[in-house]
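Engineer: Following this message is one structure expressed as C-alpha cells.
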Amino acid sequence: MKIQIINGPNLNLLGIREPSVYGNGSFEDYLEVLREHFPEVEIDYFQSNVEGELINKLHEVGFSADGIVLNAGAYTHTSVALHDAIRAIQTPVVEVHISNVHAREEFRHKSMISAACKGVILGFGMDSYRLAIEALKEL
Ligand code: DQA
C-alpha cells in the first residue's frame, strides 16, 4: 500500500513553530515513528509552502497512490483550488489537522476542502496522521 502525506504552509517549522499548539517534535522525527508503526505501508512525504506545488503534488500522485493524508495548513481555510484538485483526482484524501481548529479562532472553523475529502481527522496532535492512515487502510 502506498500512502502520500502532503503538508502545507508553515508545517516545515513543526517543533519550532508555536510548540504550545503544535508540539515540540519535527515532522521528520514523527515520520520515522509512523514508518515504524506501519512497516507494511510505503509512506511518501511532501511539504510545500506554495499552494500550486500542493496542487501539482495532488495531480502527480492522485491516480496512483492508495491514499493521501493532507494537512493543507492555512490553505485549508482559503483554497477553492485545493478543493477542486481533490475533486479532480481519484485517490481518497483524508484531511488532517494537528490542532482542534474548532477550539481556535473563528477563521479556522471553516474548511474549504472538507467536502471534497473522504473524511477529516483533527485535534489529536501528530497522532492525527496515524489515525488518518488507519482509516485509509480500512477503505
Ligand atoms: C493546522 C491548522 C491550521 O488552521 C493552521 O493554519 C495550520 C496547521 C493544524 O494542523 O492544526 O497551519 O492545519
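The chains in the C-alpha cells are called A, B, ... from first to last as shown; in each chain the residues are counted from 1, and the ligands are counted from 1 in the order shown.
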Taking only C-alpha atoms and all ligand atoms into account, which residues are within 8 Å of ligand 1, as a ChimeraX atom specification?
Structural biologist: /A:8-11,21-22,71-77,96-101,108,122-123,125
Engineer: Kindly export the residues of the current selection with C-alpha atoms, as a short mmCIF file (atom, residue, chain, number, x, y, z; two decimals), in the first residue's frame.
Structural biologist:
```cif
data_model
loop_
_atom_site.label_atom_id
_atom_site.label_comp_id
_atom_site.auth_asym_id
_atom_site.auth_seq_id
_atom_site.Cartn_x
_atom_site.Cartn_y
_atom_site.Cartn_z
CA GLY A 8 1.16 22.65 3.52
CA PRO A 9 2.49 26.04 4.60
CA ASN A 10 4.49 26.53 7.79
CA LEU A 11 4.40 22.83 8.64
CA VAL A 21 -0.20 24.41 19.82
CA TYR A 22 1.77 22.03 17.59
CA ASN A 71 -2.68 18.82 6.11
CA ALA A 72 -3.18 21.91 3.99
CA GLY A 73 -2.33 24.25 6.88
CA ALA A 74 -3.86 27.70 6.44
CA TYR A 75 -4.81 26.96 2.81
CA THR A 76 -7.49 24.72 4.33
CA HIS A 77 -9.46 27.83 5.15
CA VAL A 96 -5.90 16.19 8.92
CA HIS A 97 -5.06 18.87 11.45
CA ILE A 98 -2.75 18.62 14.41
CA SER A 99 -4.78 21.09 16.47
CA ASN A 100 -8.51 21.15 17.07
CA VAL A 101 -9.28 24.00 14.70
CA ARG A 108 -10.15 28.33 11.34
CA LEU A 122 -8.25 16.73 13.74
CA GLY A 123 -7.18 17.65 17.22
CA GLY A 125 -1.69 16.22 17.77
#
```
Engineer: Extract, using only C-alpha atoms, all DNA, RNA and protein residues at most 12 Å from A:His83, discarding same-chain residues fewer than 6 positions from it, and format them as a VMD selection string.
Structural biologist: chain A and resid 51 54 to 55 58 70 72 75 to 77 89 93 95 111 to 118
Engineer: Give me, as a ChimeraX atom specification, the residues of chain A that a backbone DSSP run labels strand (DSSP E).
Structural biologist: /A:2-7,42-47,67-71,93-97,119-122
Engineer: Please return as a list of chain:residue names: the residues of stretch 19-57 of chain A that backbone DSSP assigns to alpha helix (DSSP H).
Structural biologist: A:Pro19, A:Ser20, A:Val21, A:Tyr22, A:Phe27, A:Glu28, A:Asp29, A:Tyr30, A:Leu31, A:Glu32, A:Val33, A:Leu34, A:Arg35, A:Glu36, A:His37, A:Glu51, A:Gly52, A:Glu53, A:Leu54, A:Ile55, A:Asn56, A:Lys57
Engineer: Using only C-alpha atoms, pick whichever of A:Gly52, A:Ser26, A:His59, A:Arg104 has the shortest atom-to-atom distance to A:Val80.
Structural biologist: A:Gly52
Engineer: Pick from A:Val120, A:Ala65, A:Ala103, A:Val94: nearest to A:Asp44, with only C-alpha atoms counted?
Structural biologist: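 Smallest distance to A:Asp44 is found for A:Ala65.
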Engineer: Please provide as a PyMOL selection string all residues within 8 Å of stretch 90-92 of chain A, with the sequence filter that same-chain residues fewer than 6 positions apart are discarded (counting only C-alpha atoms).
Structural biologist: chain A and resi 61-68+117-118+136
Engineer: So the first atom is atom CA of A:Ile6 and the second is atom CA of A:Ser48; what is the distance between them in Å, to one decimal place?
Structural biologist: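 Atom CA of A:Ser48 lies 8.1 Å from atom CA of A:Ile6.
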